[in-house]
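Novice: Compact mmCIF, C-alpha atoms, file start_37.txt:
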# COMPACT_ATOMS: atom_id res chain seq x y z
CA MET V 290 33.10 13.13 -10.08
CA LEU V 291 30.47 10.93 -11.71
CA PRO V 292 27.01 11.35 -10.14
CA ILE V 293 25.70 8.57 -7.95
CA ASN V 294 22.27 7.06 -8.54
CA ARG V 295 20.43 8.00 -5.35
CA VAL V 296 17.34 6.07 -6.38
CA LYS V 297 19.32 2.86 -6.78
CA GLN V 298 21.06 3.43 -3.46
CA ALA V 299 17.73 3.97 -1.70
CA LEU V 300 16.19 0.86 -3.24
CA LYS V 301 19.18 -1.26 -2.24
CA ALA V 302 18.69 -0.01 1.31
CA GLY V 303 15.00 -0.92 1.21
CA GLN V 304 13.85 2.70 1.27
CA PRO V 305 10.86 3.96 -0.76
CA VAL V 306 11.31 6.28 -3.74
CA TYR V 307 8.60 8.24 -5.53
CA GLY V 308 8.19 9.07 -9.18
CA THR V 309 5.91 9.71 -12.11
CA MET V 310 5.96 9.46 -15.89
CA LEU V 311 6.23 11.81 -18.86
CA VAL V 312 4.33 10.82 -21.99
CA GLU V 313 3.55 14.08 -23.84
CA SER V 314 5.36 17.08 -22.42
CA ALA V 315 8.90 17.66 -23.66
CA SER V 316 9.22 20.87 -21.66
CA SER V 317 12.31 21.33 -19.52
CA ALA V 318 10.17 23.51 -17.26
CA TYR V 319 7.90 20.54 -16.51
CA VAL V 320 10.93 18.48 -15.54
CA LEU V 321 12.01 21.25 -13.16
CA LEU V 322 8.51 21.44 -11.69
CA LEU V 323 8.69 17.74 -10.84
CA ALA V 324 12.09 18.25 -9.23
CA HIS V 325 10.80 21.22 -7.21
CA ALA V 326 7.77 19.17 -6.12
CA GLY V 327 10.16 16.69 -4.52
CA TYR V 328 9.93 13.66 -6.78
CA ASP V 329 12.89 11.28 -6.62
CA PHE V 330 12.72 10.10 -10.23
CA VAL V 331 10.89 10.54 -13.49
CA PHE V 332 10.29 7.98 -16.22
CA ILE V 333 10.37 9.27 -19.78
CA ASP V 334 8.12 6.99 -21.79
CA MET V 335 9.39 6.01 -25.22
CA GLU V 336 6.99 3.08 -25.51
CA HIS V 337 3.68 4.94 -25.51
CA GLY V 338 5.05 8.48 -25.40
CA VAL V 339 5.59 10.77 -28.37
CA TYR V 340 9.32 11.42 -27.93
CA ASP V 341 12.33 11.01 -30.15
CA LEU V 342 15.78 10.50 -28.67
CA SER V 343 16.87 14.14 -29.01
CA GLU V 344 13.88 15.27 -26.93
CA VAL V 345 14.59 12.57 -24.37
CA ALA V 346 18.23 13.64 -24.14
CA GLY V 347 17.20 17.24 -23.45
CA MET V 348 14.87 16.25 -20.62
CA ILE V 349 17.50 13.93 -19.17
CA ARG V 350 20.05 16.76 -19.02
CA VAL V 351 17.65 19.03 -17.12
CA ALA V 352 16.64 16.25 -14.73
CA ARG V 353 20.26 15.47 -13.90
CA LEU V 354 21.05 19.14 -13.25
CA ALA V 355 17.98 19.42 -11.00
CA GLY V 356 18.80 16.31 -8.96
CA LEU V 357 15.87 14.33 -10.38
CA THR V 358 16.91 10.81 -11.40
CA PRO V 359 16.04 10.32 -15.10
CA LEU V 360 14.83 6.86 -16.14
CA VAL V 361 13.56 5.77 -19.54
CA ARG V 362 11.06 3.15 -20.63
CA ILE V 363 12.30 1.99 -24.02
CA PRO V 364 9.80 0.66 -26.58
CA ASP V 365 11.61 -2.59 -27.31
CA LEU V 366 14.77 -4.58 -26.67
CA ALA V 367 17.38 -3.21 -29.07
CA TYR V 368 21.06 -2.62 -28.31
CA ASP V 369 21.33 0.67 -30.19
CA LEU V 370 18.40 2.18 -28.31
CA VAL V 371 19.66 0.98 -24.93
CA ALA V 372 23.21 2.23 -25.50
CA ARG V 373 22.27 5.60 -26.95
CA THR V 374 19.73 6.26 -24.20
CA LEU V 375 22.28 5.46 -21.51
CA ASP V 376 24.94 7.57 -23.22
CA ALA V 377 22.43 10.45 -23.23
CA GLY V 378 22.45 10.24 -19.44
CA ALA V 379 19.55 7.98 -18.45
CA MET V 380 20.36 6.49 -15.05
CA GLY V 381 18.18 3.46 -15.60
CA ILE V 382 16.15 1.70 -18.27
CA MET V 383 12.91 -0.23 -18.01
CA LEU V 384 12.05 -2.89 -20.55
CA PRO V 385 8.29 -3.40 -21.03
CA ARG V 386 6.49 -6.65 -21.84
CA VAL V 387 9.18 -8.87 -20.35
CA GLU V 388 8.28 -12.55 -20.48
CA THR V 389 11.50 -14.58 -20.72
CA VAL V 390 14.81 -14.99 -18.96
CA GLU V 391 16.54 -14.44 -22.30
CA GLN V 392 15.02 -10.96 -22.56
CA ALA V 393 16.18 -10.07 -19.06
CA GLN V 394 19.68 -11.40 -19.72
CA ALA V 395 19.94 -9.45 -22.97
CA LEU V 396 18.86 -6.22 -21.27
CA VAL V 397 21.55 -6.63 -18.61
CA ARG V 398 24.20 -7.38 -21.27
CA TYR V 399 23.25 -4.31 -23.29
CA MET V 400 23.29 -2.05 -20.21
CA LYS V 401 26.55 -3.22 -18.64
CA TYR V 402 30.12 -2.64 -19.74
CA PRO V 403 32.47 -5.63 -20.04
CA PRO V 404 33.06 -8.00 -18.39
CA GLU V 405 29.43 -7.95 -17.16
CA GLY V 406 27.98 -6.99 -20.53
CA VAL V 407 28.67 -5.77 -24.05
CA ARG V 408 27.96 -2.04 -23.85
CA GLY V 409 30.30 0.02 -25.97
CA ALA V 410 32.14 2.87 -24.28
CA ALA V 411 32.01 6.59 -25.01
CA ALA V 412 33.10 8.81 -22.14
CA GLY V 413 32.34 12.44 -23.00
CA ARG V 414 28.58 12.16 -23.29
CA GLY V 415 25.52 12.88 -21.18
CA HIS V 416 26.14 10.00 -18.78
CA THR V 417 29.32 11.73 -17.57
CA ASP V 418 27.76 15.20 -17.83
CA TYR V 419 30.21 15.76 -20.72
CA ARG V 420 33.21 15.60 -18.38
CA GLY V 421 34.59 12.26 -19.47
CA ALA V 422 36.04 9.54 -17.25
CA ALA V 423 38.96 7.13 -17.11
CA PRO V 424 38.10 3.68 -18.51
CA ARG V 425 38.14 1.78 -15.20
CA ASP V 426 36.23 4.51 -13.40
CA LEU V 427 33.61 4.61 -16.14
CA VAL V 428 33.05 0.85 -16.12
CA ARG V 429 32.95 0.51 -12.35
CA HIS V 430 30.69 3.48 -11.77
CA MET V 431 28.17 2.88 -14.53
CA ASN V 432 27.88 -0.84 -13.89
CA GLU V 433 27.21 -0.05 -10.23
CA HIS V 434 24.88 2.93 -10.58
CA THR V 435 22.68 2.12 -13.59
CA LEU V 436 19.24 0.68 -12.74
CA VAL V 437 18.06 -2.41 -14.65
CA ILE V 438 14.27 -2.55 -14.46
CA LEU V 439 11.95 -5.25 -15.76
CA GLN V 440 8.33 -4.25 -16.28
CA ILE V 441 6.12 -7.10 -15.17
CA GLU V 442 2.85 -6.86 -17.05
CA ARG V 443 2.22 -10.27 -18.64
CA LEU V 444 0.91 -13.55 -17.25
CA GLU V 445 3.97 -15.37 -18.62
CA ALA V 446 6.23 -13.06 -16.61
CA VAL V 447 4.32 -13.84 -13.42
CA ARG V 448 4.66 -17.57 -14.10
CA ARG V 449 8.44 -17.20 -14.53
CA ILE V 450 8.93 -14.49 -11.94
CA ASP V 451 11.51 -16.25 -9.75
CA ASP V 452 13.68 -17.03 -12.77
CA LEU V 453 13.38 -13.47 -14.10
CA PHE V 454 14.37 -11.91 -10.79
CA ALA V 455 17.26 -14.35 -10.41
CA VAL V 456 18.99 -13.00 -13.53
CA PRO V 457 22.23 -11.35 -12.30
CA GLY V 458 22.11 -7.57 -12.69
CA VAL V 459 18.34 -7.13 -12.43
CA ASP V 460 17.56 -4.46 -9.83
CA VAL V 461 13.80 -3.87 -9.97
CA GLY V 462 10.59 -5.54 -11.03
CA LEU V 463 8.00 -2.85 -11.68
CA ILE V 464 4.40 -3.91 -12.20
CA GLY V 465 2.18 -2.43 -14.88
CA PRO V 466 -1.26 -3.27 -13.46
CA PHE V 467 -3.31 -2.18 -16.48
CA ASP V 468 -1.51 -4.44 -18.96
CA LEU V 469 -1.41 -7.19 -16.35
CA THR V 470 -5.18 -6.93 -16.00
CA ILE V 471 -5.57 -7.36 -19.76
CA SER V 472 -3.14 -10.29 -19.83
CA LEU V 473 -5.07 -12.04 -17.08
CA GLY V 474 -8.40 -11.42 -18.83
CA ALA V 475 -9.70 -9.60 -15.76
CA ALA V 476 -12.30 -6.85 -15.80
CA SER V 477 -10.56 -4.39 -13.46
CA VAL V 478 -7.16 -3.64 -11.94
CA THR V 479 -8.77 -4.30 -8.56
CA ASP V 480 -9.88 -7.81 -9.57
CA SER V 481 -8.81 -10.47 -7.07
CA ALA V 482 -6.82 -12.33 -9.76
CA VAL V 483 -4.80 -9.19 -10.50
CA GLU V 484 -4.12 -8.54 -6.82
CA ALA V 485 -3.04 -12.16 -6.37
CA ALA V 486 -0.62 -11.91 -9.31
CA ILE V 487 0.86 -8.67 -7.96
CA ALA V 488 1.27 -10.26 -4.53
CA GLN V 489 3.06 -13.19 -6.18
CA VAL V 490 5.52 -10.81 -7.86
CA LEU V 491 6.15 -8.96 -4.59
CA ALA V 492 6.78 -12.20 -2.75
CA ALA V 493 9.26 -13.33 -5.40
CA ALA V 494 11.10 -10.00 -5.20
CA ARG V 495 11.51 -10.48 -1.46
CA ARG V 496 12.78 -14.04 -1.90
CA VAL V 497 15.34 -13.11 -4.55
CA GLY V 498 16.33 -9.74 -3.09
CA VAL V 499 15.33 -7.28 -5.80
CA ALA V 500 13.20 -4.18 -5.37
CA CYS V 501 9.55 -4.24 -6.37
CA GLY V 502 7.37 -1.37 -7.50
CA ILE V 503 4.20 -0.37 -9.28
CA HIS V 504 2.90 2.39 -11.53
CA SER V 505 -0.77 3.25 -11.18
CA SER V 506 -3.00 6.19 -11.99
CA ASP V 507 -4.46 5.77 -8.50
CA PRO V 508 -2.06 7.00 -5.79
CA GLN V 509 -4.13 5.24 -3.13
CA GLN V 510 -3.48 1.92 -4.83
CA VAL V 511 0.24 2.70 -4.85
CA ALA V 512 0.11 3.65 -1.16
CA GLY V 513 -1.59 0.35 -0.38
CA TRP V 514 1.19 -1.63 -2.04
CA LYS V 515 3.79 0.48 -0.25
CA GLN V 516 2.28 -0.70 3.02
CA ARG V 517 2.81 -4.26 1.82
CA GLY V 518 6.48 -3.71 1.04
CA MET V 519 6.88 -2.14 -2.41
CA THR V 520 9.54 0.54 -2.63
CA MET V 521 9.58 1.90 -6.22
CA LEU V 522 6.36 3.88 -6.21
CA MET V 523 4.91 5.67 -9.23
CA SER V 524 1.63 7.39 -9.91
CA GLY V 525 0.21 9.46 -12.73
CA SER V 526 1.72 11.21 -15.71
CA ASP V 527 1.97 14.68 -17.16
CA THR V 528 -1.30 14.26 -19.07
CA GLN V 529 -3.12 12.96 -16.02
CA PHE V 530 -1.86 15.79 -13.81
CA PHE V 531 -2.76 18.43 -16.40
CA SER V 532 -6.21 16.96 -16.98
CA ALA V 533 -6.97 16.67 -13.26
CA GLY V 534 -5.77 20.21 -12.57
CA ALA V 535 -7.69 21.65 -15.50
CA HIS V 536 -10.91 19.92 -14.45
CA GLN V 537 -10.48 21.00 -10.84
CA ALA V 538 -9.91 24.66 -11.73
CA LEU V 539 -12.84 24.76 -14.15
CA TYR V 540 -15.13 23.10 -11.62
CA ALA V 541 -14.11 25.64 -8.96
CA MET V 542 -14.76 28.58 -11.28
CA ARG V 543 -18.16 27.25 -12.34
CA GLN V 544 -19.30 27.04 -8.74
CA SER V 545 -19.46 30.84 -8.72
CA GLU V 546 -22.25 30.73 -11.35
CA THR V 547 -24.75 29.61 -8.72
CA ALA V 548 -23.34 31.59 -5.82
CA PRO V 549 -25.22 34.76 -4.76
CA VAL V 550 -23.67 38.01 -5.95
CA ALA V 551 -22.65 40.30 -3.08
CA ASP V 552 -24.19 43.81 -2.95
CA VAL V 553 -21.00 45.83 -3.12
CA GLY V 554 -22.96 49.02 -2.61
CA ALA V 555 -24.26 48.01 0.81
CA VAL V 556 -22.70 49.64 3.83
Translate the structure of the given file into structure tokens.
Specialist:
Amino acid sequence: MLPINRVKQALKAGQPVYGTMLVESASSAYVLLLAHAGYDFVFIDMEHGVYDLSEVAGMIRVARLAGLTPLVRIPDLAYDLVARTLDAGAMGIMLPRVETVEQAQALVRYMKYPPEGVRGAAAGRGHTDYRGAAPRDLVRHMNEHTLVILQIERLEAVRRIDDLFAVPGVDVGLIGPFDLTISLGAASVTDSAVEAAIAQVLAAARRVGVACGIHSSDPQQVAGWKQRGMTMLMSGSDTQFFSAGAHQALYAMRQSETAPVADVGAV
């Protein structure tokens, strides 16, 4: 049986899902740690991350076996990258820097099998867990269970947001607040202009009926947008978690330098 995409099912039902991003670690152990921690999904970043496709494929296999939905942010819109990443087993793809309807339409075409798209078929690959599938089953299942995600991080995307979300096959609009801040010429991700743009995207998602989400280094910011109706919720990355944990442990150890030393000889 081909695996269902639980993240897509939850989003279609309006339920929140929680994830994070990998940008440096290619360790299968780290993927398992995220699964054990209870995350619903993980994004493997091929835009700013250091990975090649063979490394991505290895992490995808572990995530699928662990019940962690593997998603990939590709660096650019290219059919060969989309198709090979999906064949490796990615259960969704996010396209960064989306600005036009044509980009969104092309992403959907590349990700979907005919008649909805132009994706070429290969059955015995990572997306079927190397089991294969009958042609009709493959087409029906993959077209239904693969997540099409637009990353909204440019002013032009915000201006065209209703048209972008109206493209048939688009499932999620996920906001990149840092790039959006730069595109708006704002000084901070908490600037009122940035918050207004994010609210505009969320409102459009509700009107059109797609899921909306955000990725931020600040989990409190993500929680705030969850309260306002976002459902695809992401915070942090492997490097951020490692850095925060390393700093916390070192700080805790250094506190002992000023603490009084107990007299172990006292009775």
Novice: Report as a ChimeraX atom specification all protein, DNA and RNA residues lying within 12 Å of Asp369 of chain V, evaluated on only C-alpha atoms, omitting residues in the same chain fewer than 3 positions from it.
Specialist: /V:342,363,365-366,372-376,396,399-400,407-409
Novice: Tell me, in Å to one decimal, how far atom CA of Glu391 of chain V is from atom CA of Val345 of chain V.
Specialist: 27.2 Å
Novice: Calculate how many Å separate atom CA of Leu370 of chain V from atom CA of Met335 of chain V, rounding to one decimal.
Specialist: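 That distance, rounded to one decimal, is 10.3 Å.
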Novice: Between V:Met542, V:Leu321, V:Phe454, V:Pro292, single out the one closest to Leu427 of chain V, counting only C-alpha atoms.
Specialist: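 Of the candidates, the smallest distance to Leu427 of chain V is held by V:Pro292.
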Novice: Report the closest atom pair, with its distance in Å rounded to one decimal, for each residue of segment 395-415 of chain V that has an atom no farther than 9 Å from segment 429-436 of chain V; count all atoms listed in the file, sort by chain and then rising residue number, and write it as a Markdown table.
Specialist:
| residue | atom | partner | partner_atom | distance |
| --- | --- | --- | --- | --- |
| V:Met400 | CA | V:Thr435 | CA | 7.8 |
| V:Lys401 | CA | V:Asn432 | CA | 5.5 |
| V:Tyr402 | CA | V:Asn432 | CA | 6.5 |
| V:Glu405 | CA | V:Asn432 | CA | 8.0 |
Novice: For Asp507 of chain V, which residue among V:Arg386, V:Thr309, V:Ala412, V:Met348 is the nearest when counting all atoms listed in the file?
Specialist: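 When distances to Asp507 of chain V are compared using all atoms listed in the file, the smallest one comes from V:Thr309.
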Novice: Would you mind reading off the distance between atom CA of Ala299 of chain V and atom CA of Val461 of chain V, one decimal, in Å?
Specialist: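 Taking atom CA of Ala299 of chain V as the start and atom CA of Val461 of chain V as the end point, the length is 12.1 Å.
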Novice: Find the spatial neighbours of Met380 of chain V, counting all atoms listed in the file, within a cut-off of 10 Å - ignore same-chain residues fewer than 6 positions away - and output them as a ChimeraX atom specification.
Specialist: /V:292-297,330,349,353,358-361,374,416,431,434-437
Novice: When you look at Val320 of chain V with a cut-off of 9 Å (counting only C-alpha atoms), what residues show up, excluding the ones that are within fewer than 2 positions of it in the same chain? I need them as an MDAnalysis selection string.
Specialist: chainID V and resid 311 314:318 322:325 331 348:349 351:352 355 357
Novice: Any idea what's packed within 6 Å of Gly502 of chain V, counting only C-alpha atoms, ignoring anything in its chain fewer than 4 positions away? Could you give it as a list in words?
Specialist: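 Using only C-alpha atoms, the neighbours found are Leu463, Met519, Thr520, Met521 and Leu522 of chain V.
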Novice: Go ahead and write the residues just picked, C-alpha atoms, as a PDB file, in the coordinates of the input.
Specialist:
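Here's the written file selection-v1.pdb:
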ATOM      1  CA  LEU V 463       8.000  -2.850 -11.680  1.00  0.00           C
ATOM      2  CA  MET V 519       6.880  -2.140  -2.410  1.00  0.00           C
ATOM      3  CA  THR V 520       9.540   0.540  -2.630  1.00  0.00           C
ATOM      4  CA  MET V 521       9.580   1.900  -6.220  1.00  0.00           C
ATOM      5  CA  LEU V 522       6.360   3.880  -6.210  1.00  0.00           C
TER       6      LEU V 522
END
Novice: Scan for residues within 12 Å of the point (31.1, 12.6, -18.6) in the coordinates of the file, using all atoms listed in the file, and reply as a PyMOL selection string.
Specialist: chain V and resi 290-292+350+375-378+410-424+426-427+430-431
Novice: Draw an axis-aligned box over all listed atoms of segment 506-511 of chain V, pad each side with 4 Å, and write its centre and edge lengths in Å, one decimal, as AutoDock Vina command-line options.
Specialist:
--center_x -2.1 --center_y 4.5 --center_z -7.6 --size_x 12.7 --size_y 13.1 --size_z 16.9
